[in-house]
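File shown: query_18.txt. Contents: compact mmCIF, C-alpha atoms and all ligand atoms.
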```txt
# COMPACT_ATOMS: atom_id res chain seq x y z
CA MET A 1 84.96 106.08 158.24
CA ASN A 2 87.56 108.59 159.45
CA ARG A 3 88.93 110.77 156.71
CA LEU A 4 92.61 110.13 156.07
CA ARG A 5 94.71 113.27 156.50
CA MET A 6 97.08 113.44 153.55
CA ALA A 7 99.57 115.82 151.92
CA VAL A 8 101.46 115.89 148.63
CA ILE A 9 105.11 116.93 148.70
CA GLY A 10 106.22 118.37 145.36
CA VAL A 11 103.30 119.65 143.27
CA GLY A 12 104.98 120.22 139.91
CA HIS A 13 104.03 118.51 136.66
CA LEU A 14 102.89 115.22 138.24
CA GLY A 15 102.39 116.12 141.91
CA GLN A 16 99.59 118.58 141.13
CA HIS A 17 97.60 115.61 139.74
CA HIS A 18 98.25 113.56 142.89
CA ALA A 19 96.90 116.53 144.85
CA ARG A 20 93.88 117.06 142.56
CA ILE A 21 92.85 113.40 142.79
CA LEU A 22 93.36 113.19 146.56
CA ALA A 23 91.38 116.41 147.09
CA GLY A 24 88.47 114.81 145.24
CA LEU A 25 88.35 111.56 147.23
CA PRO A 26 85.54 111.54 149.81
CA ASP A 27 87.55 109.66 152.44
CA VAL A 28 90.63 111.91 152.23
CA ASP A 29 91.30 115.30 153.78
CA LEU A 30 94.08 116.99 151.79
CA VAL A 31 95.54 119.03 154.63
CA GLY A 32 98.26 120.70 152.57
CA VAL A 33 100.53 120.73 149.55
CA VAL A 34 104.25 121.41 149.69
CA ASP A 35 106.49 122.83 147.01
CA ALA A 36 109.92 124.40 147.32
CA ASN A 37 108.60 126.93 144.83
CA ILE A 38 106.12 129.00 146.88
CA ASP A 39 104.26 130.29 143.82
CA GLN A 40 103.58 126.73 142.68
CA ALA A 41 102.51 125.67 146.19
CA LYS A 42 100.10 128.64 146.40
CA LEU A 43 98.73 128.04 142.91
CA VAL A 44 97.89 124.38 143.57
CA ALA A 45 96.68 124.99 147.14
CA GLY A 46 94.41 127.82 145.92
CA ARG A 47 92.84 125.59 143.29
CA LEU A 48 92.19 122.79 145.76
CA ASP A 49 91.20 124.82 148.78
CA THR A 50 94.04 123.57 150.96
CA ARG A 51 97.13 125.09 152.62
CA PRO A 52 100.44 125.77 150.84
CA TYR A 53 103.83 125.03 152.43
CA THR A 54 107.39 125.38 151.17
CA THR A 55 108.79 122.59 153.34
CA HIS A 56 107.40 119.31 154.63
CA GLU A 57 108.48 119.76 158.28
CA PRO A 58 105.24 121.40 159.57
CA LEU A 59 103.27 118.42 158.22
CA LEU A 60 105.33 115.63 159.79
CA HIS A 61 102.89 115.21 162.70
CA ALA A 62 99.80 116.48 160.92
CA VAL A 63 99.17 113.71 158.38
CA ASP A 64 98.20 110.01 158.36
CA ALA A 65 99.87 109.35 154.97
CA VAL A 66 101.86 111.24 152.38
CA SER A 67 102.54 111.20 148.66
CA ILE A 68 106.04 112.31 147.60
CA VAL A 69 106.42 113.70 144.08
CA THR A 70 109.58 115.78 144.33
CA PRO A 71 112.49 115.31 141.90
CA THR A 72 114.12 111.91 142.53
CA VAL A 73 117.22 113.34 144.21
CA HIS A 74 115.00 114.54 147.09
CA HIS A 75 112.97 111.32 147.57
CA HIS A 76 115.23 109.94 150.28
CA ALA A 77 115.40 113.11 152.42
CA VAL A 78 111.64 113.69 152.35
CA ALA A 79 110.50 110.05 152.60
CA SER A 80 112.86 109.22 155.46
CA ALA A 81 111.59 112.20 157.48
CA PHE A 82 108.00 110.89 157.27
CA LEU A 83 108.90 107.22 157.81
CA LYS A 84 110.90 108.13 160.93
CA VAL A 85 107.70 109.48 162.53
CA GLY A 86 105.68 106.46 161.39
CA VAL A 87 103.82 108.03 158.44
CA PRO A 88 103.05 105.67 155.47
CA VAL A 89 104.67 106.83 152.24
CA LEU A 90 103.84 106.65 148.56
CA VAL A 91 107.00 107.78 146.77
CA GLU A 92 107.18 108.33 143.02
CA LYS A 93 109.43 106.17 140.85
CA PRO A 94 112.33 105.64 140.92
CA ILE A 95 112.33 105.06 144.67
CA CYS A 96 115.79 106.69 145.01
CA PRO A 97 118.76 107.30 142.75
CA THR A 98 120.96 104.87 144.74
CA LEU A 99 120.52 101.45 146.32
CA ALA A 100 121.93 102.63 149.65
CA GLU A 101 119.17 105.25 149.93
CA ALA A 102 116.49 102.77 148.86
CA ASP A 103 117.70 100.27 151.49
CA GLU A 104 117.42 102.92 154.16
CA LEU A 105 113.81 103.73 153.26
CA ILE A 106 112.89 100.03 153.26
CA ALA A 107 114.48 99.58 156.70
CA LEU A 108 112.72 102.66 158.10
CA ALA A 109 109.32 101.48 156.79
CA ALA A 110 109.89 98.01 158.26
CA LYS A 111 110.90 99.50 161.63
CA ALA A 112 107.81 101.72 161.72
CA GLY A 113 105.59 98.89 160.40
CA VAL A 114 103.97 101.14 157.79
CA PRO A 115 103.41 100.73 154.03
CA LEU A 116 106.01 102.06 151.62
CA GLN A 117 104.64 102.08 148.07
CA VAL A 118 106.58 103.09 144.94
CA GLY A 119 104.79 104.89 142.08
CA HIS A 120 105.42 102.43 139.26
CA ILE A 121 102.17 103.47 137.69
CA GLU A 122 102.24 101.13 134.69
CA ARG A 123 101.44 98.27 137.09
CA PHE A 124 98.02 99.95 137.30
CA ASN A 125 97.66 100.29 133.53
CA PRO A 126 94.50 98.24 132.80
CA ALA A 127 96.19 96.58 129.80
CA PHE A 128 99.06 95.37 132.01
CA GLU A 129 96.61 94.29 134.74
CA GLU A 130 94.83 92.20 132.11
CA LEU A 131 98.09 90.64 131.00
CA ILE A 132 99.66 89.77 134.33
CA ARG A 133 96.67 87.79 135.55
CA ARG A 134 97.16 85.38 132.63
CA PRO A 135 99.54 82.37 132.72
CA ILE A 136 102.27 83.79 130.51
CA ARG A 137 105.97 82.90 130.80
CA PRO A 138 107.85 85.47 128.69
CA LYS A 139 110.76 84.10 126.68
CA PHE A 140 111.55 87.05 124.42
CA VAL A 141 110.49 90.61 125.13
CA GLU A 142 110.84 93.92 123.33
CA ALA A 143 110.09 97.00 125.39
CA GLU A 144 110.17 100.47 123.89
CA ARG A 145 109.58 103.71 125.75
CA HIS A 146 110.23 106.80 123.68
CA GLY A 147 109.21 110.32 124.55
CA PRO A 148 109.94 113.90 123.55
CA PHE A 149 112.36 115.99 125.61
CA THR A 150 110.36 117.59 128.44
CA GLY A 151 113.05 119.48 130.33
CA ARG A 152 111.94 117.68 133.52
CA SER A 153 113.65 114.89 135.50
CA VAL A 154 117.06 116.17 134.39
CA ASP A 155 118.43 115.17 137.81
CA ILE A 156 118.44 111.61 136.42
CA GLY A 157 118.91 110.01 132.97
CA ALA A 158 116.69 107.98 130.63
CA VAL A 159 117.33 104.74 132.54
CA LEU A 160 116.06 105.93 135.93
CA ASP A 161 113.47 108.23 134.37
CA LEU A 162 111.87 106.00 131.69
CA MET A 163 113.45 102.56 131.41
CA ILE A 164 112.79 101.96 135.12
CA HIS A 165 109.08 101.45 134.25
CA ASP A 166 109.85 98.54 131.92
CA ILE A 167 112.49 97.09 134.24
CA ASP A 168 109.86 96.92 136.98
CA LEU A 169 107.25 95.40 134.64
CA LEU A 170 109.73 92.77 133.43
CA LEU A 171 110.72 91.83 136.98
CA ALA A 172 107.03 91.51 137.89
CA LEU A 173 106.23 89.43 134.80
CA ASP A 174 109.25 87.14 134.79
CA GLY A 175 109.71 86.66 138.53
CA THR A 176 113.36 85.55 138.29
CA ALA A 177 116.59 87.50 138.76
CA VAL A 178 118.49 89.19 135.95
CA LYS A 179 121.51 87.04 135.09
CA SER A 180 123.32 89.32 132.67
CA VAL A 181 123.14 92.84 131.31
CA GLU A 182 124.63 94.41 128.20
CA ALA A 183 123.77 97.99 127.34
CA VAL A 184 124.70 100.94 125.20
CA GLY A 185 123.59 104.53 125.62
CA ALA A 186 124.34 108.08 124.63
CA THR A 187 123.62 111.62 125.62
CA ALA A 188 122.33 114.16 123.11
CA PHE A 189 123.61 117.34 124.73
CA GLY A 190 125.93 116.16 127.53
CA GLY A 191 125.01 115.20 131.11
CA HIS A 192 122.89 112.11 131.86
CA GLU A 193 122.15 109.55 129.16
CA ASP A 194 119.15 110.38 126.92
CA MET A 195 118.81 107.09 125.01
CA VAL A 196 119.71 103.57 126.03
CA ASN A 197 119.28 100.06 124.72
CA ALA A 198 119.77 97.12 127.05
CA ARG A 199 119.74 93.37 126.57
CA LEU A 200 118.78 91.56 129.77
CA ILE A 201 118.96 87.82 130.27
CA PHE A 202 116.87 86.44 133.12
CA GLU A 203 117.52 83.24 135.07
CA SER A 204 114.32 81.87 133.49
CA GLY A 205 116.03 82.04 130.08
CA CYS A 206 113.93 85.02 129.04
CA ILE A 207 115.75 87.63 126.94
CA ALA A 208 114.53 91.23 126.95
CA HIS A 209 115.56 94.03 124.62
CA VAL A 210 114.65 97.27 126.32
CA THR A 211 114.96 100.71 124.73
CA ALA A 212 114.32 104.11 126.28
CA SER A 213 114.75 107.51 124.76
CA ARG A 214 113.71 110.91 126.01
CA ILE A 215 114.60 112.78 122.86
CA THR A 216 112.26 111.13 120.36
CA GLN A 217 109.83 113.21 118.35
CA ARG A 218 106.90 110.78 118.51
CA PRO A 219 106.00 109.13 121.82
CA LYS A 220 105.82 105.35 121.91
CA ARG A 221 105.40 103.09 124.91
CA ARG A 222 104.92 99.43 124.16
CA LEU A 223 105.80 95.94 125.26
CA ARG A 224 105.81 92.86 123.03
CA ILE A 225 106.14 89.39 124.49
CA TRP A 226 106.68 86.01 122.90
CA ALA A 227 105.95 83.05 125.18
CA PRO A 228 105.13 79.35 124.88
CA GLU A 229 101.54 80.35 125.64
CA GLY A 230 101.39 82.84 122.77
CA TYR A 231 102.10 86.47 121.96
CA ALA A 232 101.05 89.56 123.90
CA GLY A 233 101.44 93.17 122.86
CA ILE A 234 100.63 96.19 125.02
CA ASP A 235 100.37 99.78 123.93
CA PHE A 236 100.66 101.73 127.18
CA VAL A 237 99.53 104.96 125.55
CA THR A 238 96.22 103.64 124.19
CA ARG A 239 96.02 101.06 127.01
CA LYS A 240 95.23 98.28 124.57
CA LEU A 241 96.34 94.67 124.79
CA VAL A 242 96.44 92.18 121.95
CA LEU A 243 96.76 88.47 122.66
CA VAL A 244 97.51 85.82 120.07
CA GLN A 245 97.57 82.07 120.67
CA GLN A 246 97.75 78.94 118.53
CA SER A 247 94.43 77.21 117.92
CA PRO A 248 94.03 73.86 119.76
CA GLU A 249 94.64 72.02 116.43
CA VAL A 250 97.86 73.92 115.75
CA ARG A 251 99.02 73.38 119.34
CA GLN A 252 98.45 69.65 118.95
CA TYR A 253 99.41 68.94 115.36
CA GLY A 254 101.29 72.01 114.11
CA LEU A 255 100.67 73.42 110.65
CA ARG A 256 103.00 72.27 107.88
CA ALA A 257 102.71 75.03 105.27
CA ASP A 258 105.65 73.47 103.40
CA LYS A 259 103.61 70.28 102.82
CA MET A 260 100.55 72.11 101.42
CA ASP A 261 99.77 72.66 97.78
CA ALA A 262 99.88 76.19 96.36
CA ALA A 263 96.09 76.74 96.62
CA ALA A 264 96.00 75.74 100.29
CA ARG A 265 99.01 77.94 101.02
CA ALA A 266 97.31 80.88 99.33
CA ARG A 267 94.19 80.35 101.49
CA LEU A 268 96.38 80.22 104.56
CA LYS A 269 97.27 83.87 104.10
CA ASP A 270 93.65 84.84 104.84
CA GLU A 271 93.00 82.18 107.43
CA VAL A 272 96.11 82.39 109.54
CA PHE A 273 94.84 85.03 111.96
CA GLY A 274 91.49 83.97 113.31
CA ARG A 275 91.51 80.28 112.41
CA HIS A 276 95.03 79.03 113.11
CA LEU A 277 96.18 81.83 115.35
CA GLN A 278 93.39 83.04 117.61
CA VAL A 279 93.37 86.75 118.43
CA ARG A 280 91.81 88.72 121.29
CA TYR A 281 91.82 92.50 121.66
CA VAL A 282 91.38 93.93 125.14
CA ASP A 283 90.60 97.62 125.42
CA GLY A 284 91.73 98.88 128.81
CA ASP A 285 90.97 102.46 127.97
CA ARG A 286 87.39 102.28 129.23
CA LYS A 287 88.64 101.48 132.70
CA GLY A 288 89.33 104.40 135.03
CA ASP A 289 92.39 106.58 135.35
CA GLN A 290 95.44 104.67 136.58
CA LEU A 291 96.82 107.39 138.87
CA THR A 292 93.51 107.34 140.75
CA ALA A 293 93.75 103.54 140.95
CA GLU A 294 97.31 103.76 142.28
CA LEU A 295 96.38 106.34 144.94
CA ARG A 296 93.23 104.42 145.96
CA HIS A 297 95.33 101.27 146.31
CA PHE A 298 97.81 103.11 148.56
CA ILE A 299 95.00 104.42 150.76
CA ASP A 300 93.55 100.91 150.99
CA CYS A 301 96.96 99.58 152.10
CA VAL A 302 97.25 102.34 154.72
CA ARG A 303 93.80 101.55 156.10
CA THR A 304 94.05 97.74 156.03
CA GLY A 305 97.78 97.13 156.48
CA ARG A 306 97.84 95.17 153.19
CA THR A 307 101.16 94.97 151.35
CA PRO A 308 101.25 97.43 148.42
CA ARG A 309 101.28 96.05 144.87
CA VAL A 310 104.63 97.81 144.33
CA THR A 311 106.68 97.61 147.52
CA GLY A 312 109.86 99.42 148.50
CA GLU A 313 111.69 96.16 147.75
CA ASP A 314 110.22 96.11 144.22
CA GLY A 315 111.36 99.70 143.71
CA ARG A 316 114.81 98.75 144.99
CA GLU A 317 115.10 95.75 142.65
CA ALA A 318 114.27 97.96 139.67
CA VAL A 319 117.00 100.42 140.73
CA ALA A 320 119.46 97.52 141.20
CA VAL A 321 118.92 96.43 137.58
CA ALA A 322 119.05 100.06 136.43
CA GLU A 323 122.44 100.44 138.13
CA ARG A 324 123.76 97.41 136.25
CA ILE A 325 122.48 98.84 132.98
CA LEU A 326 124.11 102.19 133.73
CA ALA A 327 127.40 100.47 134.62
CA SER A 328 127.33 98.67 131.27
CA VAL A 329 126.46 101.92 129.44
CA ARG A 330 129.37 103.67 131.14
CA CYS A 331 131.96 101.16 129.97
CA HIS A 332 130.72 100.57 126.42
CA GLU A 333 133.67 100.89 124.03
CA TRP A 334 132.35 102.62 120.91
CA GLU A 335 135.40 101.68 118.87
CA GLY A 336 135.98 98.27 120.43
CA ARG A 337 139.01 99.36 122.45
CA PRO A 338 139.37 100.90 125.92
CA ASP A 339 141.59 103.78 124.79
CA GLY A 340 138.94 104.98 122.32
CA ALA A 341 135.58 106.67 123.02
CA VAL A 342 133.85 105.03 126.00
CA GLY A 343 130.48 105.56 127.75
CA PRO A 344 127.50 107.86 127.21
CA ASN A 345 129.39 111.16 127.25
CA ARG A 346 132.45 110.41 125.13
CA MET A 347 131.15 109.53 121.70
CA PRO A 348 133.31 109.08 118.60
CA ARG A 349 133.77 112.39 116.71
CA PRO A 350 131.19 112.74 113.89
CA ALA A 351 132.66 111.61 110.54
CA GLY A 352 130.78 114.38 108.73
CA TRP A 353 127.35 115.99 108.30
CA LEU A 354 124.35 113.84 107.37
CA PHE A 355 122.84 116.68 105.33
CA GLU A 356 123.41 120.30 104.46
CA VAL A 357 121.31 123.00 106.09
CA PRO A 358 120.69 126.14 104.01
CA LYS A 359 122.02 129.27 105.76
CA ALA A 360 118.53 130.79 106.14
CA GLU A 361 117.24 127.63 107.91
CA ALA A 362 120.25 127.43 110.25
CA ALA A 363 119.87 131.05 111.42
P1 LIG B 401 108.66 118.60 138.39
O1 LIG B 401 109.99 119.19 138.32
O2 LIG B 401 107.62 119.07 137.41
O3 LIG B 401 108.03 118.79 139.84
C1 LIG B 401 108.76 118.62 141.03
C2 LIG B 401 108.31 119.72 141.99
O4 LIG B 401 108.92 119.45 143.24
C3 LIG B 401 108.72 121.11 141.56
O5 LIG B 401 107.59 121.95 141.54
C4 LIG B 401 109.75 121.53 142.61
O6 LIG B 401 109.69 122.92 142.91
C5 LIG B 401 109.32 120.70 143.80
N1 LIG B 401 110.39 120.41 144.77
C6 LIG B 401 111.72 120.25 144.55
N2 LIG B 401 112.34 119.91 145.70
C7 LIG B 401 111.38 119.88 146.65
C8 LIG B 401 111.40 119.59 148.04
N3 LIG B 401 112.52 119.23 148.67
N4 LIG B 401 110.21 119.66 148.73
C9 LIG B 401 109.09 120.02 148.10
N5 LIG B 401 109.01 120.30 146.78
C10 LIG B 401 110.14 120.21 146.07
O7 LIG B 401 108.87 117.02 138.27
P2 LIG B 401 107.81 115.89 137.91
O8 LIG B 401 107.87 115.61 136.46
O9 LIG B 401 106.49 116.20 138.54
O10 LIG B 401 108.49 114.62 138.63
C11 LIG B 401 108.45 114.47 140.02
C12 LIG B 401 108.70 113.00 140.40
O11 LIG B 401 107.71 112.19 139.79
C13 LIG B 401 110.04 112.44 139.93
O12 LIG B 401 110.52 111.53 140.87
C14 LIG B 401 109.70 111.70 138.65
O13 LIG B 401 110.58 110.63 138.37
C15 LIG B 401 108.32 111.19 138.99
N6 LIG B 401 107.48 110.98 137.80
C16 LIG B 401 106.83 109.81 137.67
C17 LIG B 401 106.04 109.58 136.56
C18 LIG B 401 105.31 108.27 136.43
O14 LIG B 401 104.95 107.89 135.33
N7 LIG B 401 105.08 107.57 137.52
C19 LIG B 401 105.88 110.55 135.58
C20 LIG B 401 106.54 111.78 135.76
C21 LIG B 401 107.33 111.97 136.88
```

Show this structure as structure tokens.
Amino acid sequence: MNRLRMAVIGVGHLGQHHARILAGLPDVDLVGVVDANIDQAKLVAGRLDTRPYTTHEPLLHAVDAVSIVTPTVHHHAVASAFLKVGVPVLVEKPICPTLAEADELIALAAKAGVPLQVGHIERFNPAFEELIRRPIRPKFVEAERHGPFTGRSVDIGAVLDLMIHDIDLLLALDGTAVKSVEAVGATAFGGHEDMVNARLIFESGCIAHVTASRITQRPKRRLRIWAPEGYAGIDFVTRKLVLVQQSPEVRQYGLRADKMDAAARARLKDEVFGRHLQVRYVDGDRKGDQLTAELRHFIDCVRTGRTPRVTGEDGREAVAVAERILASVRCHEWEGRPDGAVGPNRMPRPAGWLFEVPKAEAA
């Protein structure tokens, strides 16, 4: 099999891992890495025995496929340059900061007839893969994605940086359009929003409460789903899935705790999980690394012409919902009136201090 000539554009925090994995694949020839910061390009290229570049132009006609891991604001410029010369593109999430840019990339990929994949990596999380192949119709969902402040991705806010993962997962799980959006969000220091909560109602009737924060001390990434089929909970950090369903007897006859005597009700406490509600734990952590799975899938699509699991259109739909969330965040009236504080940047003035800080600690 011919080795696929590939390059990674943007080898910062995440891109260096794209490059490391690609350099280790037997059917890939990593012909170069690009970073606007020459020191970073040289550092990563030196480690992986490939060539460093500070701009993607020299590689436009030297690769069979490319992985783009620059800050989001540069996705469109870099991806469109490769698509225009017919090179398949894997672009990190979010596809682009605006719908107009996303539409252009989709049109360019269609014109060239090449795959355009978006890096919504949680679709390759083994726990999510386990879940989505089951017949579940979500009716109420809670998604939480909290992380510490990293100082990266400051070109966008918490919605396009973090919440976009859960928006994409919800769209993939539910399969219907979002009917209505209500959201509130705030910034900790000024600039883009750092924490957001959104309530989404889908045409299916499913309601999702989605929270994202990039200034939380303890990381948390989880999804909890209630459905007619049962309950599913995913921890994306540990890659574990828990599934709960009613036993066949409970499904058929129900369980009337209010009609039981006290002794039977007391027993119920110990028997409810296991006997009446059946539980399965699925440990996805033993499966391989999901970035490798995502890259391998992209390569497979390039070689076979298969449609990627996460298409440009999927990436665009996630941005479309994100834009609606951001619009709602922007016009939230904190005091219930339009002439008061409105949106993520203009918060009501603090009423006071929550606690006193001793002078020595404050210094
Ligand atoms: P980063 O700032 O650590 O790295 C970006 C690198 O790109 C930097 O080294 C920068 O010098 C370089 N760069 C900037 N402009 C460039 C250009 N025009 N050409 C070449 N190089 C350029 O950022 P990061 O955290 O690695 O994020 C990069 C992208 O990956 C973002 O789109 C982000 O949203 C995405 N991301 C996705 C996930 C995920 O879970 N899928 C996680 C983190 C980041």

- Enumerate residues in contact with ligand LIG 401 (chain B): an atom-to-atom distance of at most 6 Å, counting all atoms listed in the file. Format the result as a PyMOL selection string. chain A and resi 9-15+34-37+55+69-72+74+92-94+119-121+152-153+161

Please dump the current selection as an mmCIF file, keeping the file's coordinate frame; keep C-alpha atoms.
```cif
data_model
loop_
_atom_site.group_PDB
_atom_site.id
_atom_site.type_symbol
_atom_site.label_atom_id
_atom_site.label_comp_id
_atom_site.auth_asym_id
_atom_site.auth_seq_id
_atom_site.Cartn_x
_atom_site.Cartn_y
_atom_site.Cartn_z
ATOM 1 C CA ILE A 9 105.110 116.930 148.700
ATOM 2 C CA GLY A 10 106.220 118.370 145.360
ATOM 3 C CA VAL A 11 103.300 119.650 143.270
ATOM 4 C CA GLY A 12 104.980 120.220 139.910
ATOM 5 C CA HIS A 13 104.030 118.510 136.660
ATOM 6 C CA LEU A 14 102.890 115.220 138.240
ATOM 7 C CA GLY A 15 102.390 116.120 141.910
ATOM 8 C CA VAL A 34 104.250 121.410 149.690
ATOM 9 C CA ASP A 35 106.490 122.830 147.010
ATOM 10 C CA ALA A 36 109.920 124.400 147.320
ATOM 11 C CA ASN A 37 108.600 126.930 144.830
ATOM 12 C CA THR A 55 108.790 122.590 153.340
ATOM 13 C CA VAL A 69 106.420 113.700 144.080
ATOM 14 C CA THR A 70 109.580 115.780 144.330
ATOM 15 C CA PRO A 71 112.490 115.310 141.900
ATOM 16 C CA THR A 72 114.120 111.910 142.530
ATOM 17 C CA HIS A 74 115.000 114.540 147.090
ATOM 18 C CA GLU A 92 107.180 108.330 143.020
ATOM 19 C CA LYS A 93 109.430 106.170 140.850
ATOM 20 C CA PRO A 94 112.330 105.640 140.920
ATOM 21 C CA GLY A 119 104.790 104.890 142.080
ATOM 22 C CA HIS A 120 105.420 102.430 139.260
ATOM 23 C CA ILE A 121 102.170 103.470 137.690
ATOM 24 C CA ARG A 152 111.940 117.680 133.520
ATOM 25 C CA SER A 153 113.650 114.890 135.500
ATOM 26 C CA ASP A 161 113.470 108.230 134.370
#
```

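Neighbourhood of point (120.7, 89.7, 130.9): residues with an atom at most 8 Å away, counting all atoms listed in the file, are A:Val178, A:Lys179, A:Ser180, A:Val181, A:Glu182, A:Arg199, A:Leu200, A:Ile201, A:Phe202, A:Ile207, A:Ala208.
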
- Message: Could you list, as a PyMOL selection string, every residue within 12 Å of Tyr253 (chain A), counting only C-alpha atoms and ignoring same-chain residues fewer than 6 positions away?
- Response: chain A and resi 246-247+276

- Message: I'd like the interatomic distance between CA of Arg47 (chain A) and CA of Met6 (chain A), to a tenth of an Å.
- Response: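 One can read the CA of Arg47 (chain A) to CA of Met6 (chain A) distance as 16.5 Å.
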
- Just the residues within 6 Å of region 325-336 of chain A, please, counting all atoms listed in the file, with nothing from its chain fewer than 6 positions along; format it as a list in words. Glu182, Ala183, Val184, Gly185, Val342 and Gly343 of chain A

Distance table requested - region 186-271 of chain A against region 281-299 of chain A, cut-off 9 Å, all atoms listed in the file: one row per qualifying residue with the closest atom pair and its distance in Å to one decimal, ordered by chain and rising residue number, as JSON lines.
```
{"residue": "A:Thr238", "atom": "CA", "partner": "A:Asp285", "partner_atom": "CA", "distance": 6.6}
{"residue": "A:Arg239", "atom": "CA", "partner": "A:Gly284", "partner_atom": "CA", "distance": 5.1}
{"residue": "A:Lys240", "atom": "CA", "partner": "A:Asp283", "partner_atom": "CA", "distance": 4.8}
{"residue": "A:Leu241", "atom": "CA", "partner": "A:Val282", "partner_atom": "CA", "distance": 5.0}
{"residue": "A:Val242", "atom": "CA", "partner": "A:Tyr281", "partner_atom": "CA", "distance": 4.6}
{"residue": "A:Leu243", "atom": "CA", "partner": "A:Tyr281", "partner_atom": "CA", "distance": 6.5}
{"residue": "A:Val244", "atom": "CA", "partner": "A:Tyr281", "partner_atom": "CA", "distance": 8.9}
```

- Query: Between A:Pro135, A:Ala212, A:Glu313, A:Leu255, which one has atoms that come closest to Ala107 (chain A), using only C-alpha atoms?
  - Reply: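 Nearest candidate to Ala107 (chain A) out of A:Pro135, A:Ala212, A:Glu313, A:Leu255: A:Glu313.
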
- Task: List the neighbours of Glu122 (chain A) out to 8 Å using all atoms listed in the file; skip same-chain residues closer than 2 positions along the sequence, and give me the result as a list in words.
- Result: His120, Phe124, Asn125, Phe128, His165, Leu169, Phe236 and Gln290 of chain A

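If you count only C-alpha atoms and ignore residues fewer than 6 places along the chain from Val85 (chain A), what sits within 8 Å of it is Leu60, His61 and Ala112 of chain A.
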
- Nearest to Pro219 (chain A): which of A:Ala177, A:Leu162, A:Leu268, A:Val357 is it, counting only C-alpha atoms?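 Closest to Pro219 (chain A) of all the choices is A:Leu162.
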
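Proximity to Glu317 (chain A) at 9 Å, evaluated using all atoms listed in the file and with sequence-adjacent residues fewer than 6 positions away removed, yields A:Leu99, A:Ile167, A:Asp168, A:Leu171.
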
- Message: When you count only C-alpha atoms, which of these residues is closest to Lys42 (chain A): A:Val63, A:Gln16, A:Arg275, A:Gly352?
- Response: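 Counting only C-alpha atoms, the residue closest to Lys42 (chain A) is A:Gln16.
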
- Report the distance between CA of Asp194 (chain A) and CA of Ala351 (chain A) in Å, rounded to one decimal place.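 So the answer is 21.3 Å.
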
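CA of Gln217 (chain A) to CA of Ala360 (chain A) spans 23.1 Å [interatomic distance, one decimal].
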